[in-house]
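*Asks:* Structure file final_36.cif, mmCIF, C-alpha atoms and all ligand atoms, is pasted below:
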```
data_work
#
loop_
_atom_site.label_atom_id
_atom_site.label_comp_id
_atom_site.auth_asym_id
_atom_site.auth_seq_id
_atom_site.Cartn_x
_atom_site.Cartn_y
_atom_site.Cartn_z
CA MET P 21 119.87 81.66 -87.10
CA THR P 22 116.57 81.72 -85.32
CA LEU P 23 113.14 81.26 -86.78
CA ARG P 24 111.69 84.04 -88.90
CA THR P 25 108.83 85.69 -87.04
CA ILE P 26 105.52 87.01 -88.37
CA GLU P 27 106.88 90.58 -88.01
CA SER P 28 109.57 89.74 -90.57
CA LEU P 29 106.80 89.49 -93.18
CA GLY P 30 106.06 93.22 -92.88
CA SER P 31 102.57 94.66 -92.94
CA LEU P 32 100.01 91.96 -93.69
CA GLN P 33 96.99 94.22 -93.94
CA GLY P 34 94.90 93.16 -96.93
CA LYS P 35 97.38 90.37 -97.72
CA ARG P 36 96.25 86.77 -98.21
CA VAL P 37 98.12 84.79 -95.56
CA ILE P 38 98.10 81.00 -95.71
CA VAL P 39 98.43 79.58 -92.20
CA ARG P 40 99.43 75.92 -91.79
CA CYS P 41 97.74 74.87 -88.56
CA ASP P 42 97.60 71.43 -87.00
CA LEU P 43 93.85 70.97 -86.57
CA ASN P 44 94.16 67.19 -86.42
CA VAL P 45 91.67 66.72 -83.60
CA PRO P 46 90.12 63.44 -82.40
CA LEU P 47 86.60 62.98 -83.81
CA GLU P 48 83.84 60.59 -82.83
CA ASP P 49 80.89 60.43 -85.24
CA GLY P 50 81.80 63.87 -86.57
CA ARG P 51 81.99 65.32 -83.04
CA ILE P 52 85.27 66.80 -81.77
CA THR P 53 86.22 65.04 -78.52
CA ASP P 54 89.15 67.35 -77.75
CA ASP P 55 89.48 70.80 -79.33
CA GLY P 56 92.90 71.51 -77.79
CA ARG P 57 94.66 71.84 -81.13
CA VAL P 58 92.01 74.28 -82.38
CA ARG P 59 92.43 76.40 -79.25
CA ALA P 60 96.22 76.29 -79.57
CA SER P 61 95.91 77.73 -83.09
CA LEU P 62 93.96 80.80 -81.96
CA PRO P 63 96.76 83.24 -80.95
CA THR P 64 98.34 83.31 -84.43
CA LEU P 65 95.00 83.48 -86.23
CA GLN P 66 93.76 86.26 -83.96
CA ALA P 67 96.99 88.24 -84.39
CA LEU P 68 96.73 88.01 -88.19
CA LEU P 69 93.03 88.87 -88.27
CA ALA P 70 93.67 91.85 -85.99
CA GLN P 71 96.20 93.12 -88.53
CA GLY P 72 93.57 92.98 -91.27
CA ALA P 73 95.05 89.99 -93.06
CA ARG P 74 92.86 87.69 -95.18
CA VAL P 75 93.53 84.41 -93.45
CA VAL P 76 93.54 81.10 -95.32
CA VAL P 77 93.82 78.15 -92.92
CA VAL P 78 95.15 74.81 -94.13
CA SER P 79 95.52 71.61 -92.11
CA HIS P 80 95.37 67.85 -92.30
CA LEU P 81 93.00 65.65 -90.33
CA GLY P 82 93.66 61.95 -89.81
CA ARG P 83 95.18 59.76 -92.46
CA PRO P 84 92.95 59.75 -95.55
CA ASP P 85 94.54 58.05 -98.52
CA GLY P 86 95.33 61.06 -100.71
CA ALA P 87 91.67 61.30 -101.81
CA PRO P 88 88.51 62.93 -100.41
CA ASP P 89 86.95 60.94 -97.57
CA PRO P 90 84.03 62.56 -95.72
CA ARG P 91 85.09 60.93 -92.43
CA TYR P 92 88.11 63.22 -92.41
CA SER P 93 86.46 66.47 -93.49
CA LEU P 94 87.64 69.61 -91.71
CA SER P 95 84.14 71.04 -91.88
CA PRO P 96 83.29 70.37 -88.17
CA VAL P 97 86.65 71.84 -87.23
CA ALA P 98 85.94 75.02 -89.21
CA ALA P 99 82.63 75.32 -87.32
CA ARG P 100 84.42 74.92 -83.96
CA LEU P 101 87.00 77.50 -84.98
CA GLY P 102 84.19 79.95 -85.70
CA GLU P 103 82.75 79.39 -82.21
CA LEU P 104 86.11 79.94 -80.56
CA LEU P 105 86.95 83.02 -82.64
CA GLU P 106 83.39 84.28 -82.22
CA ALA P 107 83.50 85.23 -85.88
CA PRO P 108 82.25 83.77 -89.14
CA VAL P 109 84.65 81.20 -90.62
CA ALA P 110 84.13 80.32 -94.29
CA PHE P 111 84.82 76.78 -95.48
CA SER P 112 85.99 75.59 -98.90
CA ALA P 113 85.08 71.99 -99.79
CA ASP P 114 88.26 71.78 -101.90
CA THR P 115 91.81 72.46 -100.82
CA VAL P 116 92.89 73.94 -104.16
CA GLY P 117 91.23 74.61 -107.52
CA ASP P 118 88.23 76.77 -108.40
CA ALA P 119 86.27 76.35 -105.16
CA ALA P 120 89.26 77.31 -103.04
CA THR P 121 90.22 80.18 -105.34
CA SER P 122 86.77 81.73 -105.17
CA ALA P 123 86.48 81.19 -101.40
CA VAL P 124 89.76 83.07 -100.91
CA ALA P 125 88.78 85.77 -103.42
CA GLY P 126 85.60 86.33 -101.38
CA LEU P 127 87.53 87.29 -98.23
CA ASN P 128 87.61 90.86 -96.97
CA ASN P 129 90.37 92.20 -94.76
CA GLY P 130 90.21 90.52 -91.33
CA GLU P 131 88.20 87.52 -92.60
CA ILE P 132 89.09 83.86 -92.52
CA VAL P 133 88.48 80.68 -94.51
CA VAL P 134 89.38 77.06 -93.76
CA LEU P 135 90.25 74.92 -96.76
CA GLU P 136 89.38 71.21 -96.86
CA ASN P 137 91.84 68.56 -95.59
CA LEU P 138 95.26 68.86 -97.23
CA ARG P 139 95.65 65.08 -97.24
CA PHE P 140 92.74 64.68 -99.67
CA ASN P 141 95.47 65.58 -102.20
CA PRO P 142 98.22 63.01 -102.90
CA GLY P 143 100.78 65.80 -103.38
CA GLU P 144 100.69 66.75 -99.69
CA THR P 145 102.52 63.68 -98.43
CA ALA P 146 104.12 62.52 -101.71
CA LYS P 147 107.61 61.04 -101.45
CA SER P 148 108.54 62.65 -104.77
CA ASP P 149 109.93 66.16 -104.33
CA ASP P 150 108.42 67.19 -107.66
CA GLU P 151 104.92 66.05 -106.76
CA ARG P 152 105.05 67.80 -103.42
CA MET P 153 106.40 70.96 -104.96
CA ALA P 154 103.68 70.94 -107.64
CA PHE P 155 101.03 70.82 -104.91
CA ALA P 156 102.84 73.54 -102.95
CA HIS P 157 102.72 75.77 -106.06
CA GLU P 158 98.96 75.19 -106.34
CA LEU P 159 98.54 76.19 -102.71
CA ALA P 160 100.80 79.20 -103.19
CA THR P 161 98.37 80.69 -105.73
CA LEU P 162 96.02 81.23 -102.78
CA GLY P 163 98.35 83.38 -100.70
CA ASP P 164 100.80 86.27 -100.62
CA ALA P 165 102.60 85.00 -97.53
CA PHE P 166 102.84 81.81 -95.49
CA VAL P 167 102.81 81.32 -91.73
CA SER P 168 103.72 77.87 -90.47
CA ASP P 169 102.10 77.13 -87.12
CA GLY P 170 101.34 73.39 -87.15
CA PHE P 171 103.87 72.33 -84.55
CA GLY P 172 102.61 68.72 -84.61
CA VAL P 173 103.84 68.32 -88.20
CA VAL P 174 107.14 70.24 -88.33
CA HIS P 175 109.05 66.96 -88.33
CA ARG P 176 107.34 65.99 -91.60
CA LYS P 177 108.69 66.91 -95.04
CA GLN P 178 105.26 67.57 -96.50
CA ALA P 179 104.11 70.06 -99.12
CA SER P 180 102.28 72.44 -96.78
CA VAL P 181 104.93 72.18 -94.06
CA TYR P 182 108.17 72.25 -96.02
CA ASP P 183 107.83 73.03 -99.74
CA LEU P 184 105.28 75.85 -99.45
CA ALA P 185 107.56 77.72 -97.05
CA SER P 186 110.19 77.98 -99.77
CA VAL P 187 107.72 79.22 -102.40
CA LEU P 188 106.11 82.11 -100.49
CA PRO P 189 107.62 84.61 -98.02
CA SER P 190 107.34 82.56 -94.84
CA ALA P 191 107.60 82.74 -91.06
CA ALA P 192 106.86 80.73 -87.93
CA GLY P 193 103.65 81.38 -86.01
CA LEU P 194 103.21 81.98 -82.30
CA LEU P 195 102.36 78.39 -81.40
CA ILE P 196 105.62 77.09 -82.81
CA ALA P 197 107.52 79.76 -80.87
CA THR P 198 105.80 78.83 -77.61
CA GLU P 199 106.36 75.11 -78.11
CA LEU P 200 110.06 75.59 -78.80
CA ASP P 201 110.50 77.79 -75.72
CA VAL P 202 109.23 74.99 -73.51
CA LEU P 203 111.18 72.25 -75.25
CA ASP P 204 114.35 74.31 -74.88
CA ARG P 205 113.77 74.32 -71.12
CA LEU P 206 113.74 70.51 -71.29
CA THR P 207 117.02 70.32 -73.17
CA GLU P 208 119.06 73.17 -71.70
CA LYS P 209 119.98 72.15 -68.17
CA PRO P 210 116.68 70.65 -67.03
CA GLU P 211 116.43 70.61 -63.25
CA SER P 212 116.93 67.12 -61.86
CA PRO P 213 115.53 64.67 -60.99
CA TYR P 214 114.46 64.57 -64.65
CA THR P 215 111.91 61.90 -65.57
CA VAL P 216 110.63 60.99 -69.01
CA VAL P 217 107.49 58.88 -69.32
CA LEU P 218 106.86 57.17 -72.65
CA GLY P 219 103.78 55.31 -73.84
CA GLY P 220 101.37 55.34 -76.76
CA SER P 221 101.14 53.09 -79.75
CA LYS P 222 103.71 54.31 -82.28
CA VAL P 223 106.24 51.88 -80.93
CA SER P 224 109.09 52.05 -83.41
CA ASP P 225 108.96 55.88 -83.56
CA LYS P 226 109.38 56.12 -79.83
CA LEU P 227 111.88 53.32 -79.35
CA GLY P 228 114.20 55.41 -81.52
CA VAL P 229 114.30 58.31 -79.09
CA ILE P 230 115.20 56.27 -76.05
CA GLY P 231 118.85 56.03 -76.99
CA HIS P 232 119.03 59.82 -77.15
CA LEU P 233 117.17 60.39 -73.92
CA LEU P 234 119.08 57.88 -71.78
CA PRO P 235 122.19 60.03 -71.24
CA ARG P 236 120.04 63.02 -70.26
CA VAL P 237 117.48 61.67 -67.80
CA ASP P 238 117.47 60.23 -64.29
CA SER P 239 114.44 57.98 -64.78
CA LEU P 240 112.68 56.61 -67.82
CA LEU P 241 109.25 55.09 -67.25
CA ILE P 242 107.86 52.87 -70.00
CA GLY P 243 104.15 52.19 -70.47
CA GLY P 244 101.72 51.94 -73.41
CA GLY P 245 102.26 49.66 -76.35
CA MET P 246 106.06 49.74 -76.28
CA LEU P 247 106.37 48.18 -72.85
CA PHE P 248 105.66 44.74 -74.34
CA THR P 249 108.71 44.89 -76.57
CA PHE P 250 110.75 45.56 -73.40
CA LEU P 251 109.14 42.66 -71.52
CA ALA P 252 109.75 40.37 -74.50
CA ALA P 253 113.38 41.54 -74.65
CA GLN P 254 113.70 40.37 -71.04
CA GLY P 255 112.42 36.97 -72.09
CA HIS P 256 108.78 37.23 -70.99
CA SER P 257 105.79 36.14 -73.06
CA VAL P 258 103.40 38.97 -73.90
CA GLY P 259 100.39 37.11 -75.37
CA ALA P 260 98.72 39.05 -78.18
CA SER P 261 99.92 42.46 -76.94
CA LEU P 262 101.62 44.98 -79.27
CA LEU P 263 105.12 43.71 -80.01
CA GLU P 264 107.84 44.78 -82.42
CA SER P 265 109.93 41.62 -82.68
CA ASP P 266 112.49 43.23 -84.97
CA GLN P 267 113.34 45.73 -82.21
CA LEU P 268 114.21 43.20 -79.52
CA ASP P 269 117.98 43.55 -79.93
CA THR P 270 117.76 47.33 -79.91
CA VAL P 271 115.71 47.21 -76.74
CA ARG P 272 118.18 44.84 -75.06
CA GLY P 273 120.86 47.38 -75.94
CA TYR P 274 118.85 50.12 -74.19
CA LEU P 275 118.40 48.00 -71.09
CA ASP P 276 122.19 47.47 -70.90
CA GLU P 277 122.91 51.12 -71.66
CA ALA P 278 120.52 52.29 -68.93
CA GLU P 279 122.30 50.09 -66.42
CA ARG P 280 125.71 51.34 -67.52
CA LEU P 281 124.61 54.99 -67.22
CA GLY P 282 122.86 54.47 -63.89
CA VAL P 283 119.51 55.55 -65.36
CA LYS P 284 116.46 53.99 -63.73
CA LEU P 285 114.61 52.43 -66.65
CA ILE P 286 111.40 51.36 -64.98
CA LEU P 287 108.98 48.88 -66.51
CA PRO P 288 105.53 48.00 -65.15
CA THR P 289 105.34 45.04 -62.77
CA ASP P 290 101.64 44.44 -63.38
CA ILE P 291 99.49 44.70 -66.48
CA VAL P 292 95.76 44.87 -67.19
CA VAL P 293 95.26 41.94 -69.57
CA ALA P 294 92.08 41.74 -71.69
CA SER P 295 90.38 38.93 -73.58
CA LYS P 296 90.03 41.14 -76.68
CA PHE P 297 90.24 44.76 -77.80
CA GLY P 298 87.00 46.41 -76.69
CA ALA P 299 85.33 48.19 -73.78
CA ASP P 300 83.26 45.06 -73.05
CA ALA P 301 86.31 42.74 -72.92
CA ASP P 302 86.89 40.55 -69.85
CA HIS P 303 90.04 41.74 -68.10
CA VAL P 304 92.26 40.85 -65.16
CA VAL P 305 95.39 42.28 -63.55
CA ALA P 306 98.37 39.98 -64.10
CA SER P 307 102.04 40.03 -63.22
CA ALA P 308 104.02 41.59 -66.06
CA HIS P 309 106.05 38.40 -66.08
CA ALA P 310 103.03 36.09 -66.43
CA ILE P 311 100.82 37.75 -69.03
CA GLU P 312 99.93 34.41 -70.61
CA ASP P 313 98.98 32.83 -67.27
CA THR P 314 95.53 34.44 -67.25
CA PRO P 315 92.33 32.63 -68.35
CA PHE P 316 92.91 34.20 -71.81
CA GLY P 317 96.23 32.40 -72.30
CA SER P 318 98.28 33.51 -75.29
CA ALA P 319 95.29 35.45 -76.65
CA GLY P 320 95.53 37.88 -73.70
CA LEU P 321 96.09 41.48 -74.69
CA GLY P 322 97.88 43.98 -72.42
CA LEU P 323 95.85 47.17 -72.65
CA ASP P 324 96.98 49.15 -69.59
CA ILE P 325 99.65 49.20 -66.91
CA GLY P 326 98.40 47.69 -63.65
CA PRO P 327 97.53 49.60 -60.46
CA ASP P 328 100.80 48.81 -58.62
CA SER P 329 102.84 50.02 -61.58
CA ALA P 330 100.75 53.15 -61.97
CA GLU P 331 101.35 54.00 -58.30
CA ALA P 332 105.07 53.29 -58.63
CA PHE P 333 105.27 55.53 -61.71
CA ALA P 334 103.31 58.24 -59.86
CA ARG P 335 105.81 58.20 -56.96
CA VAL P 336 108.77 58.71 -59.29
CA ILE P 337 106.93 61.48 -61.16
CA ARG P 338 105.90 63.35 -57.99
CA SER P 339 109.46 63.39 -56.70
CA SER P 340 110.84 64.81 -59.96
CA LYS P 341 111.61 68.44 -60.75
CA THR P 342 111.27 68.05 -64.52
CA VAL P 343 108.88 65.63 -66.21
CA PHE P 344 108.17 65.08 -69.88
CA TRP P 345 105.38 62.67 -70.72
CA ASN P 346 104.55 61.41 -74.19
CA GLY P 347 102.00 58.73 -74.98
CA PRO P 348 99.13 57.27 -72.95
CA MET P 349 99.91 54.38 -70.58
CA GLY P 350 97.07 52.30 -71.99
CA VAL P 351 94.06 52.40 -74.27
CA PHE P 352 92.54 55.30 -72.34
CA GLU P 353 89.73 55.70 -74.89
CA LEU P 354 88.16 52.54 -73.39
CA ALA P 355 87.12 53.16 -69.78
CA PRO P 356 88.43 49.87 -68.29
CA PHE P 357 91.92 50.67 -69.57
CA ALA P 358 92.19 54.35 -68.65
CA ASP P 359 93.34 54.08 -65.03
CA GLY P 360 97.08 53.93 -65.68
CA THR P 361 96.94 57.05 -67.83
CA ARG P 362 94.75 58.81 -65.25
CA THR P 363 97.11 58.01 -62.37
CA VAL P 364 100.15 59.23 -64.31
CA ALA P 365 98.31 62.40 -65.39
CA ARG P 366 97.31 63.12 -61.79
CA ALA P 367 100.90 62.68 -60.65
CA LEU P 368 102.07 65.19 -63.25
CA THR P 369 99.67 67.76 -61.84
CA ASP P 370 101.46 67.39 -58.47
CA VAL P 371 104.97 68.02 -59.82
CA ASP P 372 106.77 70.84 -58.04
CA GLY P 373 108.71 71.94 -61.11
CA LEU P 374 108.20 71.75 -64.87
CA SER P 375 105.68 69.19 -66.17
CA VAL P 376 105.16 68.87 -69.90
CA VAL P 377 102.60 66.70 -71.65
CA GLY P 378 103.68 66.09 -75.24
CA GLY P 379 101.54 64.63 -77.95
CA GLY P 380 98.19 64.90 -79.58
CA ASP P 381 96.86 61.75 -77.99
CA SER P 382 98.40 62.37 -74.56
CA ALA P 383 96.97 65.88 -74.57
CA ALA P 384 93.56 64.56 -75.61
CA ALA P 385 93.82 61.90 -72.90
CA VAL P 386 94.36 64.37 -70.05
CA ARG P 387 91.46 66.52 -71.19
CA ILE P 388 89.10 63.63 -71.84
CA LEU P 389 89.96 62.27 -68.38
CA GLY P 390 88.86 65.59 -66.88
CA PHE P 391 92.09 67.46 -66.17
CA ASN P 392 92.51 71.14 -67.01
CA ASP P 393 95.33 72.52 -69.12
CA ASP P 394 96.44 74.85 -66.33
CA GLN P 395 97.20 71.89 -64.05
CA PHE P 396 100.27 71.19 -66.19
CA GLY P 397 103.31 73.32 -66.96
CA HIS P 398 102.67 72.96 -70.67
CA ILE P 399 100.58 70.77 -72.95
CA SER P 400 102.30 70.37 -76.29
CA THR P 401 100.33 69.84 -79.48
CA GLY P 402 102.92 67.54 -81.02
CA GLY P 403 104.09 64.13 -79.88
CA GLY P 404 106.39 62.99 -82.67
CA ALA P 405 107.60 66.54 -83.31
CA SER P 406 108.49 67.20 -79.67
CA LEU P 407 110.28 63.87 -79.35
CA GLU P 408 112.34 64.52 -82.46
CA TYR P 409 113.19 68.00 -81.20
CA LEU P 410 114.30 66.56 -77.86
CA GLU P 411 116.38 64.02 -79.78
CA GLY P 412 118.22 66.92 -81.38
CA LYS P 413 117.08 65.92 -84.87
CA ARG P 414 116.91 68.41 -87.71
CA LEU P 415 113.24 69.16 -88.31
CA PRO P 416 112.54 70.07 -91.96
CA GLY P 417 109.52 72.24 -91.16
CA LEU P 418 111.67 74.39 -88.85
CA GLU P 419 114.84 74.46 -90.97
CA VAL P 420 112.89 75.92 -93.87
CA LEU P 421 111.86 78.78 -91.54
CA GLY P 422 115.46 79.64 -90.77
CA TRP P 423 116.10 77.43 -87.73
CA GLN P 424 119.54 75.94 -87.30
P1 LIG P 501 101.00 62.10 -81.58
O1 LIG P 501 102.34 61.54 -81.95
O2 LIG P 501 99.96 61.91 -82.66
O3 LIG P 501 101.04 63.48 -81.10
P2 LIG P 501 100.98 60.61 -79.01
O4 LIG P 501 102.45 60.60 -79.09
O5 LIG P 501 100.34 61.34 -77.89
O6 LIG P 501 100.38 61.17 -80.38
P3 LIG P 501 100.41 57.86 -79.90
O7 LIG P 501 101.73 57.25 -80.11
O8 LIG P 501 99.59 58.24 -81.11
O9 LIG P 501 100.45 59.11 -78.88
O10 LIG P 501 99.57 56.77 -79.07
C1 LIG P 501 98.27 56.97 -78.57
C2 LIG P 501 97.48 55.68 -78.67
O11 LIG P 501 98.17 54.64 -77.99
C3 LIG P 501 96.13 55.78 -77.99
O12 LIG P 501 95.14 55.75 -78.99
C4 LIG P 501 96.07 54.53 -77.11
O13 LIG P 501 94.85 53.84 -77.20
C5 LIG P 501 97.20 53.68 -77.65
N1 LIG P 501 97.76 52.71 -76.70
C6 LIG P 501 98.24 52.94 -75.46
N2 LIG P 501 98.60 51.79 -74.85
C7 LIG P 501 98.32 50.79 -75.71
C8 LIG P 501 98.45 49.37 -75.66
N3 LIG P 501 98.91 48.74 -74.57
N4 LIG P 501 98.06 48.66 -76.74
C9 LIG P 501 97.56 49.28 -77.83
N5 LIG P 501 97.43 50.62 -77.96
C10 LIG P 501 97.80 51.37 -76.91
#
```
Please express what this file holds, its structure, as structure tokens.
*Replies:*
Amino acid sequence: MTLRTIESLGSLQGKRVIVRCDLNVPLEDGRITDDGRVRASLPTLQALLAQGARVVVVSHLGRPDGAPDPRYSLSPVAARLGELLEAPVAFSADTVGDAATSAVAGLNNGEIVVLENLRFNPGETAKSDDERMAFAHELATLGDAFVSDGFGVVHRKQASVYDLASVLPSAAGLLIATELDVLDRLTEKPESPYTVVLGGSKVSDKLGVIGHLLPRVDSLLIGGGMLFTFLAAQGHSVGASLLESDQLDTVRGYLDEAERLGVKLILPTDIVVASKFGADADHVVASAHAIEDTPFGSAGLGLDIGPDSAEAFARVIRSSKTVFWNGPMGVFELAPFADGTRTVARALTDVDGLSVVGGGDSAAAVRILGFNDDQFGHISTGGGASLEYLEGKRLPGLEVLGWQ
């Protein structure tokens, strides 16, 4: 069975439609540094508004602790959405309850409201099915139908992603459909050479996918935080860099498996090592096998792949026909550690074939570093979700919409 589409919901004119978007954008002092996820949400919202639906947008932002926290308010995002839609967007300071009910009741056909951050409510991410379902029922009082379009969260069993879809008539939005089209091109006979580039900071999440990707790819390039667990698995010291010691055996297994399958698993040969975490840190380029031999000794922190490695990665990427990249190569938010990510991004723009950037942070990185979306085959809004899809995992937020 394929995903239920918006058309399957029938006429939505005058209906209150709750849309689960992923508006989890990077913010700096209340300013949105990359509005890619807001832009990606537009097609579904515009289609519903054009039909005369009363649109109720819900989303999370960041990781507040199940309670209101002004740092994670969706209010600036609602304002940006209004600019992009060129239409008034109402905002409710509560996700559910009286304020939300009256904000939704105030909508006319073809009008839109954004409700405050879902994760200000403990029920959204609760482990207990009952707690999540109770919150989903509260949300459901605000809508007649539900459209799920937050691709970045479909791998999460959360109230607004999973439970709500079983309470109201539900369907997948246009963003989810587009994302899955592209990911299917990466899984169904991708043209070779096929290269996957992995980086970022969620090390254990991403280590898990490597086993699934190895049999499918020609080259696997490893940067970002996880590279240090690989170097450590090869017996090298990594100073104070990110390291998941409990994954060393798993990683050794991957190194052996890659060799057995003839996959080129390529690790950086040089690393930008810093004295501390910060833009003003002293930093030097060191051999990946001598990270502790810098003036910073065992306190040295690997924050980017070095220039030789970045060039080597770029050569492999440019000669590939299919490339999937998830996770920045270094701490690109700090200028001295952005070069590896920039070089890899530039190489992706040169690919003569399909190039896909997957992940909220990777997508933000390419935009913040000055690249345009149209220089890539596709920029996905979800890192974890796209990786789990490529792994062939069952994604709860898709299964509940009819996907098998
Ligand atoms: P998402 O899963 O949210 O869509 P993503 O998959 O694009 O995101 P993340 O795993 O969240 O990416 O990782 C991005 C973060 O990784 C960036 O904030 C970056 O600073 C950090 N990072 C990259 N390299 C390193 C490193 N060597 N040490 C510490 N952090 C790093």
*Asks:* Do a neighbour search on Glu27 of chain P at 12 Å with only C-alpha atoms, toss out local chain neighbours closer than 6 positions, and write the hits as an MDAnalysis selection string.
*Replies:* chainID P and resid 64 67:68 71 165 167 189:194
*Asks:* Find the residues around Gly117 of chain P up to 12 Å (all atoms listed in the file counted), leave out those fewer than 6 positions away in its own chain, and share them as a VMD selection string.
*Replies:* chain P and resid 123 to 124 135 to 136 141 155 157 to 162
*Asks:* Between P:Ala355, P:Val420, P:Leu195, P:Leu368, single out the one closest to ligand LIG 501 (chain P), counting only C-alpha atoms and all ligand atoms.
*Replies:*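 Selected residue with least distance to ligand LIG 501 (chain P): P:Ala355.
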*Asks:* Choose the residue, out of P:Leu240, P:Ala334, P:Ala358, P:Leu275, that has the smallest atom-to-atom separation from ligand LIG 501 (chain P); count only C-alpha atoms and all ligand atoms.
*Replies:*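 Under the stated criterion, the closest residue is P:Ala358.
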*Asks:* Which residues are near ligand LIG 501 (chain P) in this structure, taking near to mean any atom at most 9 Å from a ligand atom and counting only C-alpha atoms and all ligand atoms? Format them as a PyMOL selection string.
*Replies:* chain P and resi 44+172+218-223+225-226+243-248+261-262+292+297+321-325+345-354+357-358+361+377-385+400-407
*Asks:* Within 12 Å of Arg366 of chain P, counting only C-alpha atoms, which residues show up once you throw out same-chain ones fewer than 5 positions away? Write them as a list in words, please.
*Replies:*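 Residues near the query, excluding close chain neighbours: Ala330, Glu331, Phe333, Ala334, Arg335, Ile337, Arg338, Asp359, Gly360, Thr361, Val371, Ser375, Val377, Ala385, Val386, Arg387, Leu389, Gly390, Phe391, Asn392, Gln395 and Phe396 of chain P.
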*Asks:* Applying 9 Å and only C-alpha atoms, which residues near Leu203 of chain P remain after dropping the ones on its own chain fewer than 6 positions away? List them as a CSV table (one decimal) with C-alpha atoms, in the frame of the given file.
*Replies:*
```csv
chain,number,residue,atom,x,y,z
P,376,VAL,CA,105.2,68.9,-69.9
P,406,SER,CA,108.5,67.2,-79.7
P,409,TYR,CA,113.2,68.0,-81.2
P,410,LEU,CA,114.3,66.6,-77.9
```
*Asks:* In Å, with one decimal, what is the gap from atom CA of Gly130 of chain P to atom CA of Gly82 of chain P?
*Replies:*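 For atom CA of Gly130 of chain P relative to atom CA of Gly82 of chain P, the distance reads 28.8 Å.
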*Asks:* Enumerate, as a list of chain:residue names, the protein, DNA and RNA residues whose atoms approach (109.0, 46.4, -75.8) to within 7 Å, taking into account all atoms listed in the file and the coordinate frame of the file.
*Replies:*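 Output of the proximity query reads P:Met246, P:Leu247, P:Phe248, P:Thr249, P:Phe250, P:Leu251, P:Ala252, P:Ala253, P:Leu263, P:Glu264, P:Val271.
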*Asks:* For segment 92-98 of chain P, list every protein, DNA or RNA residue within 12 Å, evaluated using only C-alpha atoms, and leave out those in the same chain fewer than 3 positions away; present the list as an mmCIF file with C-alpha atoms, in the frame of the given file.
*Replies:*
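Wrote it out as part_2.cif, contents follow:
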```cif
data_model
loop_
_atom_site.group_PDB
_atom_site.id
_atom_site.type_symbol
_atom_site.label_atom_id
_atom_site.label_comp_id
_atom_site.auth_asym_id
_atom_site.auth_seq_id
_atom_site.Cartn_x
_atom_site.Cartn_y
_atom_site.Cartn_z
ATOM 1 C CA CYS P 41 97.740 74.870 -88.560
ATOM 2 C CA ASP P 42 97.600 71.430 -87.000
ATOM 3 C CA LEU P 43 93.850 70.970 -86.570
ATOM 4 C CA ASN P 44 94.160 67.190 -86.420
ATOM 5 C CA VAL P 45 91.670 66.720 -83.600
ATOM 6 C CA PRO P 46 90.120 63.440 -82.400
ATOM 7 C CA LEU P 47 86.600 62.980 -83.810
ATOM 8 C CA GLU P 48 83.840 60.590 -82.830
ATOM 9 C CA ASP P 49 80.890 60.430 -85.240
ATOM 10 C CA GLY P 50 81.800 63.870 -86.570
ATOM 11 C CA ARG P 51 81.990 65.320 -83.040
ATOM 12 C CA ILE P 52 85.270 66.800 -81.770
ATOM 13 C CA THR P 53 86.220 65.040 -78.520
ATOM 14 C CA ASP P 54 89.150 67.350 -77.750
ATOM 15 C CA ASP P 55 89.480 70.800 -79.330
ATOM 16 C CA GLY P 56 92.900 71.510 -77.790
ATOM 17 C CA ARG P 57 94.660 71.840 -81.130
ATOM 18 C CA VAL P 58 92.010 74.280 -82.380
ATOM 19 C CA ARG P 59 92.430 76.400 -79.250
ATOM 20 C CA SER P 61 95.910 77.730 -83.090
ATOM 21 C CA VAL P 76 93.540 81.100 -95.320
ATOM 22 C CA VAL P 77 93.820 78.150 -92.920
ATOM 23 C CA VAL P 78 95.150 74.810 -94.130
ATOM 24 C CA SER P 79 95.520 71.610 -92.110
ATOM 25 C CA HIS P 80 95.370 67.850 -92.300
ATOM 26 C CA LEU P 81 93.000 65.650 -90.330
ATOM 27 C CA GLY P 82 93.660 61.950 -89.810
ATOM 28 C CA ARG P 83 95.180 59.760 -92.460
ATOM 29 C CA PRO P 84 92.950 59.750 -95.550
ATOM 30 C CA ASP P 85 94.540 58.050 -98.520
ATOM 31 C CA GLY P 86 95.330 61.060 -100.710
ATOM 32 C CA ALA P 87 91.670 61.300 -101.810
ATOM 33 C CA PRO P 88 88.510 62.930 -100.410
ATOM 34 C CA ASP P 89 86.950 60.940 -97.570
ATOM 35 C CA LEU P 101 87.000 77.500 -84.980
ATOM 36 C CA GLY P 102 84.190 79.950 -85.700
ATOM 37 C CA GLU P 103 82.750 79.390 -82.210
ATOM 38 C CA LEU P 104 86.110 79.940 -80.560
ATOM 39 C CA LEU P 105 86.950 83.020 -82.640
ATOM 40 C CA GLU P 106 83.390 84.280 -82.220
ATOM 41 C CA ALA P 107 83.500 85.230 -85.880
ATOM 42 C CA PRO P 108 82.250 83.770 -89.140
ATOM 43 C CA VAL P 109 84.650 81.200 -90.620
ATOM 44 C CA ALA P 110 84.130 80.320 -94.290
ATOM 45 C CA PHE P 111 84.820 76.780 -95.480
ATOM 46 C CA SER P 112 85.990 75.590 -98.900
ATOM 47 C CA ALA P 113 85.080 71.990 -99.790
ATOM 48 C CA ASP P 114 88.260 71.780 -101.900
ATOM 49 C CA THR P 115 91.810 72.460 -100.820
ATOM 50 C CA ILE P 132 89.090 83.860 -92.520
ATOM 51 C CA VAL P 133 88.480 80.680 -94.510
ATOM 52 C CA VAL P 134 89.380 77.060 -93.760
ATOM 53 C CA LEU P 135 90.250 74.920 -96.760
ATOM 54 C CA GLU P 136 89.380 71.210 -96.860
ATOM 55 C CA ASN P 137 91.840 68.560 -95.590
ATOM 56 C CA LEU P 138 95.260 68.860 -97.230
ATOM 57 C CA ARG P 139 95.650 65.080 -97.240
ATOM 58 C CA PHE P 140 92.740 64.680 -99.670
#
```
